[in-house]
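Asker: The structure follows.
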Amino acid sequence: MKTILITGASSGIGKSLAQHYSEHGWHVIAGGRNEQALNELVSQYANVTPLVADLCDEQAVINAAAHLPELDVMLLNAGSCEYVDDPIHFDAALFQRVINTNLMTVAYCLNHWLCKVKQGGQLAFTSSSASFLPLPRAQAYGASKAALSYMAKTLSIDLAPHHIDVSLINPGFVETPLTDKNDFPMPGRISSEDAAKAIYHGLSKRRHTINFPSFFTLVLSMLARLPFSWWRAFAVRNLIRKTS
Ligand SMILES: NC(=O)c1ccc[n+]([C@@H]2O[C@H](COP(=O)([O-])OP(=O)(O)OC[C@H]3O[C@@H](n4cnc5c(N)ncnc54)[C@H](OP(=O)(O)O)[C@@H]3O)[C@@H](O)[C@H]2O)c1
């Protein structure tokens with residue numbers, strides 16, 4: 001039986017991934033802070049092991065390492081999104097929270113858990129298609145995901161001699177508690193089950209990049225190739241909230 005560790009498995013994309021991998025016969029180590037949600041997964045699937053830890057707490061990550069078996073896949077998926085609503089009064093505390101959750105937790109997991117990934121194993125990161133181009137109010141979220149994408153790509157190069165394949169996952173909009181909070185149109189939004197299938201498929205093919213849904217992420221990547229001044233003009237006219 002192969003083993004996958006999935007962080008952020010108590011909810012949304014990670015939960016659907018845990019269910020999908022479980023149904024395909026994998027041993028799933030399901031991470032999250034919400035113990036009750038993880039126990040519900042365990043009661044549904046015999047091959048799920050809960051890993052209750054706040055990944056912003058490095059000591060909790062260190063403690064968890066002692067209980068981890070050898071991993072075929074480590075999928076670092078936990079994350080959060082907060083938007084900067086008032087750019088004039090920039091909220092550094094918000095910025096720090098998002099960077100800690102989306103980036104520093106990944107650094108802690110790499111520091112203390114990467115040694116558990118076996119030779120020939122895989123490492124995957126859930127970034128976001130938001131990292132493709134500058135989106136309004138995404139100063140914190142977009143910066144955290146752009147940095148994560150860069151980190152994943154550099155690790156893809158540096159871990160090659162260690163026989164660990166790295167996959168960078170860039171979802172578009174997915175129906176989860178994270179996007180349920182959004183109050184703007186979300187074109188091409190797909191279910192978390194469909195997101196899990198796309199990720200499962202991409203990881204089984206050891207794809208370096210897993211972008212989905214394909215049409216939405218293709219459009220975003222084409223827009224990202226435009227001169228910045230064109231994108232800026234479009235975004236200022238159409239995407240930002242008018243203050244007066
Ligand atoms: N939904 C989308 O449209 C979308 C699009 C692009 C990228 N993404 C990315 O996909 C990933 C999953 O998002 P989602 O939409 O599935 O959101 P979600 O339903 O809110 O799930 C977030 C998961 O991250 C975990 N988490 C957050 N902070 C944590 C911490 N400090 N320690 C441990 N676990 C923590 C949560 O666990 P607990 O609540 O149990 O702590 C939860 O399981 C995120 O990285 C997100 O940025 C989502």
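As shown in the structure tokens, the chain order sets the letters A, B, ...; within each chain, residues go from 1, and ligands are also counted from 1 in the order they appear.
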Any chance you could tabulate, as a Markdown table, the residues of chain A at most 6 Å from ligand 1 with each one's nearest atom pair and distance in Å to one decimal, using only C-alpha atoms and all ligand atoms, in chain and rising number order?
Answerer:
```
| residue | atom | partner | partner_atom_place_in_ligand_line | distance |
| --- | --- | --- | --- | --- |
| A:Gly8 | CA | ligand 1 | 43 (O) | 3.2 |
| A:Ala9 | CA | ligand 1 | 43 (O) | 4.6 |
| A:Ser10 | CA | ligand 1 | 43 (O) | 4.0 |
| A:Ser11 | CA | ligand 1 | 43 (O) | 4.2 |
| A:Gly12 | CA | ligand 1 | 16 (O) | 3.4 |
| A:Ile13 | CA | ligand 1 | 16 (O) | 3.8 |
| A:Gly14 | CA | ligand 1 | 16 (O) | 5.6 |
| A:Gly32 | CA | ligand 1 | 40 (O) | 3.8 |
| A:Arg33 | CA | ligand 1 | 40 (O) | 3.7 |
| A:Asn34 | CA | ligand 1 | 40 (O) | 3.6 |
| A:Ala53 | CA | ligand 1 | 33 (C) | 5.8 |
| A:Asp54 | CA | ligand 1 | 32 (N) | 3.7 |
| A:Leu55 | CA | ligand 1 | 32 (N) | 3.9 |
| A:Cys56 | CA | ligand 1 | 31 (N) | 4.7 |
| A:Asn77 | CA | ligand 1 | 45 (O) | 4.8 |
| A:Ala78 | CA | ligand 1 | 24 (O) | 3.5 |
| A:Gly79 | CA | ligand 1 | 45 (O) | 3.5 |
| A:Ser80 | CA | ligand 1 | 47 (O) | 5.4 |
| A:Thr101 | CA | ligand 1 | 31 (N) | 5.4 |
| A:Thr126 | CA | ligand 1 | 45 (O) | 5.2 |
| A:Ser127 | CA | ligand 1 | 7 (C) | 5.5 |
| A:Ser128 | CA | ligand 1 | 6 (C) | 4.0 |
| A:Pro171 | CA | ligand 1 | 6 (C) | 4.4 |
| A:Gly172 | CA | ligand 1 | 5 (C) | 5.1 |
| A:Phe173 | CA | ligand 1 | 3 (O) | 3.5 |
| A:Val174 | CA | ligand 1 | 3 (O) | 3.6 |
| A:Glu175 | CA | ligand 1 | 1 (N) | 5.7 |
| A:Thr176 | CA | ligand 1 | 19 (O) | 4.7 |
| A:Pro177 | CA | ligand 1 | 19 (O) | 4.6 |
| A:Leu178 | CA | ligand 1 | 20 (O) | 4.1 |
| A:Thr179 | CA | ligand 1 | 1 (N) | 5.2 |
```
Asker: Tell me, which residues of range 29-223 of chain A carry DSSP alpha helix (DSSP H), written as a ChimeraX atom specification?
Answerer: /A:35-44,58-65,92-99,105-113,139-158,177-180,192-204,214-223
Asker: Save the residues we just selected, C-alpha atoms, as a PDB file, in the first residue's frame?
Answerer:
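This went into out11.pdb:
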```pdb
ATOM      1  CA  GLU A  35      -9.559  17.162  14.907  1.00  0.00           C
ATOM      2  CA  GLN A  36     -13.287  16.499  14.605  1.00  0.00           C
ATOM      3  CA  ALA A  37     -13.239  16.876  10.809  1.00  0.00           C
ATOM      4  CA  LEU A  38     -10.243  14.541  10.571  1.00  0.00           C
ATOM      5  CA  ASN A  39     -11.923  11.971  12.833  1.00  0.00           C
ATOM      6  CA  GLU A  40     -14.966  12.011  10.542  1.00  0.00           C
ATOM      7  CA  LEU A  41     -12.643  11.076   7.665  1.00  0.00           C
ATOM      8  CA  VAL A  42     -11.127   8.304   9.760  1.00  0.00           C
ATOM      9  CA  SER A  43     -14.586   6.924  10.577  1.00  0.00           C
ATOM     10  CA  GLN A  44     -15.406   6.772   6.843  1.00  0.00           C
ATOM     11  CA  GLU A  58       7.208  24.636  14.076  1.00  0.00           C
ATOM     12  CA  GLN A  59       7.422  22.562  17.269  1.00  0.00           C
ATOM     13  CA  ALA A  60       4.173  20.786  16.316  1.00  0.00           C
ATOM     14  CA  VAL A  61       5.709  19.961  12.925  1.00  0.00           C
ATOM     15  CA  ILE A  62       8.838  18.619  14.651  1.00  0.00           C
ATOM     16  CA  ASN A  63       6.729  16.512  17.040  1.00  0.00           C
ATOM     17  CA  ALA A  64       4.672  15.057  14.175  1.00  0.00           C
ATOM     18  CA  ALA A  65       7.823  13.942  12.339  1.00  0.00           C
ATOM     19  CA  ALA A  92       1.050  44.037   7.879  1.00  0.00           C
ATOM     20  CA  ALA A  93      -0.488  41.643  10.420  1.00  0.00           C
ATOM     21  CA  LEU A  94      -2.772  40.225   7.731  1.00  0.00           C
ATOM     22  CA  PHE A  95       0.203  39.945   5.368  1.00  0.00           C
ATOM     23  CA  GLN A  96       2.199  38.087   8.007  1.00  0.00           C
ATOM     24  CA  ARG A  97      -0.689  35.659   8.722  1.00  0.00           C
ATOM     25  CA  VAL A  98      -1.039  34.744   5.051  1.00  0.00           C
ATOM     26  CA  ILE A  99       2.718  34.416   4.483  1.00  0.00           C
ATOM     27  CA  THR A 105       4.334  26.180   7.074  1.00  0.00           C
ATOM     28  CA  VAL A 106       5.754  24.754   3.843  1.00  0.00           C
ATOM     29  CA  ALA A 107       9.284  25.607   4.954  1.00  0.00           C
ATOM     30  CA  TYR A 108       8.686  23.850   8.312  1.00  0.00           C
ATOM     31  CA  CYS A 109       7.271  20.762   6.586  1.00  0.00           C
ATOM     32  CA  LEU A 110      10.219  20.632   4.181  1.00  0.00           C
ATOM     33  CA  ASN A 111      12.677  21.119   7.030  1.00  0.00           C
ATOM     34  CA  HIS A 112      11.293  18.325   9.202  1.00  0.00           C
ATOM     35  CA  TRP A 113       9.359  15.968   6.889  1.00  0.00           C
ATOM     36  CA  GLN A 139      -1.098  41.459  -2.329  1.00  0.00           C
ATOM     37  CA  ALA A 140      -0.740  38.870   0.448  1.00  0.00           C
ATOM     38  CA  TYR A 141      -2.315  35.766  -1.098  1.00  0.00           C
ATOM     39  CA  GLY A 142      -0.795  36.301  -4.555  1.00  0.00           C
ATOM     40  CA  ALA A 143       2.647  37.070  -3.121  1.00  0.00           C
ATOM     41  CA  SER A 144       2.560  33.932  -0.955  1.00  0.00           C
ATOM     42  CA  LYS A 145       1.548  31.744  -3.903  1.00  0.00           C
ATOM     43  CA  ALA A 146       4.031  33.344  -6.330  1.00  0.00           C
ATOM     44  CA  ALA A 147       6.791  32.662  -3.803  1.00  0.00           C
ATOM     45  CA  LEU A 148       5.540  29.104  -3.300  1.00  0.00           C
ATOM     46  CA  SER A 149       5.562  28.509  -7.064  1.00  0.00           C
ATOM     47  CA  TYR A 150       9.123  29.785  -7.330  1.00  0.00           C
ATOM     48  CA  MET A 151      10.151  27.579  -4.417  1.00  0.00           C
ATOM     49  CA  ALA A 152       8.519  24.525  -6.010  1.00  0.00           C
ATOM     50  CA  LYS A 153      10.231  25.094  -9.346  1.00  0.00           C
ATOM     51  CA  THR A 154      13.658  25.543  -7.792  1.00  0.00           C
ATOM     52  CA  LEU A 155      13.138  22.412  -5.695  1.00  0.00           C
ATOM     53  CA  SER A 156      12.110  20.568  -8.844  1.00  0.00           C
ATOM     54  CA  ILE A 157      15.630  21.275 -10.157  1.00  0.00           C
ATOM     55  CA  ASP A 158      17.558  20.703  -6.927  1.00  0.00           C
ATOM     56  CA  PRO A 177     -15.021  27.035   2.348  1.00  0.00           C
ATOM     57  CA  LEU A 178     -12.102  29.232   1.174  1.00  0.00           C
ATOM     58  CA  THR A 179     -13.972  30.471  -1.930  1.00  0.00           C
ATOM     59  CA  ASP A 180     -17.425  30.386  -0.299  1.00  0.00           C
ATOM     60  CA  SER A 192     -13.473  19.951  -4.978  1.00  0.00           C
ATOM     61  CA  GLU A 193     -14.089  16.358  -6.171  1.00  0.00           C
ATOM     62  CA  ASP A 194     -13.186  17.360  -9.750  1.00  0.00           C
ATOM     63  CA  ALA A 195     -10.140  19.215  -8.417  1.00  0.00           C
ATOM     64  CA  ALA A 196      -9.061  16.064  -6.556  1.00  0.00           C
ATOM     65  CA  LYS A 197      -9.438  13.967  -9.718  1.00  0.00           C
ATOM     66  CA  ALA A 198      -7.319  16.437 -11.732  1.00  0.00           C
ATOM     67  CA  ILE A 199      -4.595  16.424  -9.064  1.00  0.00           C
ATOM     68  CA  TYR A 200      -4.661  12.629  -8.679  1.00  0.00           C
ATOM     69  CA  HIS A 201      -4.337  12.228 -12.460  1.00  0.00           C
ATOM     70  CA  GLY A 202      -1.529  14.787 -12.738  1.00  0.00           C
ATOM     71  CA  LEU A 203       0.432  13.298  -9.849  1.00  0.00           C
ATOM     72  CA  SER A 204       0.057   9.757 -11.179  1.00  0.00           C
ATOM     73  CA  SER A 214      -7.649  23.841 -18.351  1.00  0.00           C
ATOM     74  CA  PHE A 215      -9.555  26.592 -20.218  1.00  0.00           C
ATOM     75  CA  PHE A 216      -9.551  29.032 -17.289  1.00  0.00           C
ATOM     76  CA  THR A 217      -5.877  28.530 -16.427  1.00  0.00           C
ATOM     77  CA  LEU A 218      -4.917  28.746 -20.125  1.00  0.00           C
ATOM     78  CA  VAL A 219      -6.682  32.116 -20.445  1.00  0.00           C
ATOM     79  CA  LEU A 220      -4.961  33.391 -17.287  1.00  0.00           C
ATOM     80  CA  SER A 221      -1.536  32.276 -18.501  1.00  0.00           C
ATOM     81  CA  MET A 222      -2.119  33.974 -21.874  1.00  0.00           C
ATOM     82  CA  LEU A 223      -3.182  37.201 -20.131  1.00  0.00           C
TER      83      LEU A 223
END
```
Asker: So that I can see what lies close to range 16-28 of chain A, please list as a PyMOL selection string the residues with an atom at most 6 Å from it, counting only C-alpha atoms and leaving out residues fewer than 3 positions away in the same chain.
Answerer: chain A and resi 1-5+13+47-48+193+196
Asker: Could you save the residues just selected, with C-alpha atoms, as a PDB file, in the first residue's frame?
Answerer:
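This is the output file again06.pdb:
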```pdb
ATOM      1  CA  MET A   1       0.000   0.000   0.000  1.00  0.00           C
ATOM      2  CA  LYS A   2       1.402   3.407  -0.989  1.00  0.00           C
ATOM      3  CA  THR A   3       1.372   6.262   1.496  1.00  0.00           C
ATOM      4  CA  ILE A   4       0.516   9.905   0.850  1.00  0.00           C
ATOM      5  CA  LEU A   5       0.648  12.739   3.367  1.00  0.00           C
ATOM      6  CA  ILE A  13      -9.564  20.281  -1.872  1.00  0.00           C
ATOM      7  CA  ASN A  47      -6.882   3.640   5.647  1.00  0.00           C
ATOM      8  CA  VAL A  48      -6.793   7.275   6.857  1.00  0.00           C
ATOM      9  CA  GLU A 193     -14.089  16.358  -6.171  1.00  0.00           C
ATOM     10  CA  ALA A 196      -9.061  16.064  -6.556  1.00  0.00           C
TER      11      ALA A 196
END
```
Asker: Rounded to one decimal, what separation in Å do you get between CA of Gln122 in chain A and CA of Asp57 in chain A?
Answerer: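 Between these atoms lies a distance of 24.3 Å.
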Asker: Given only C-alpha atoms as the basis, pick out the residue of A:Leu76, A:Val117, A:Ala138, A:Ala130 nearest to His163 in chain A.
Answerer: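 Nearest to His163 in chain A: A:Val117.
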Asker: What is the distance between CA of Ile164 in chain A and CA of Val52 in chain A, in Å to one decimal?
Answerer: 25.8 Å
Asker: Considering only C-alpha atoms, state which residue in the set A:Lys15, A:Cys115, A:Val73, A:Ala235 is at the smallest distance from Leu133 in chain A.
Answerer: A:Ala235
Asker: I need the residue nearest Asp85 in chain A from this list: A:His208, A:Lys181, A:Arg189, A:Arg137. Use only C-alpha atoms for the distance.
Answerer: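 Between A:His208, A:Lys181, A:Arg189, A:Arg137, the residue approaching Asp85 in chain A most closely is A:Arg137.
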Asker: Just list as a PyMOL selection string whatever in chain A DSSP marks as strand (DSSP E or B).
Answerer: chain A and resi 3-6+27-32+48-52+71-76+117-126+165-171+174-175+190-191+209-212
Asker: Report, in Å to a single decimal, how far apart CA of Ile240 in chain A and CA of Phe90 in chain A are.
Answerer: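 Here the two named atoms are 16.2 Å from each other.
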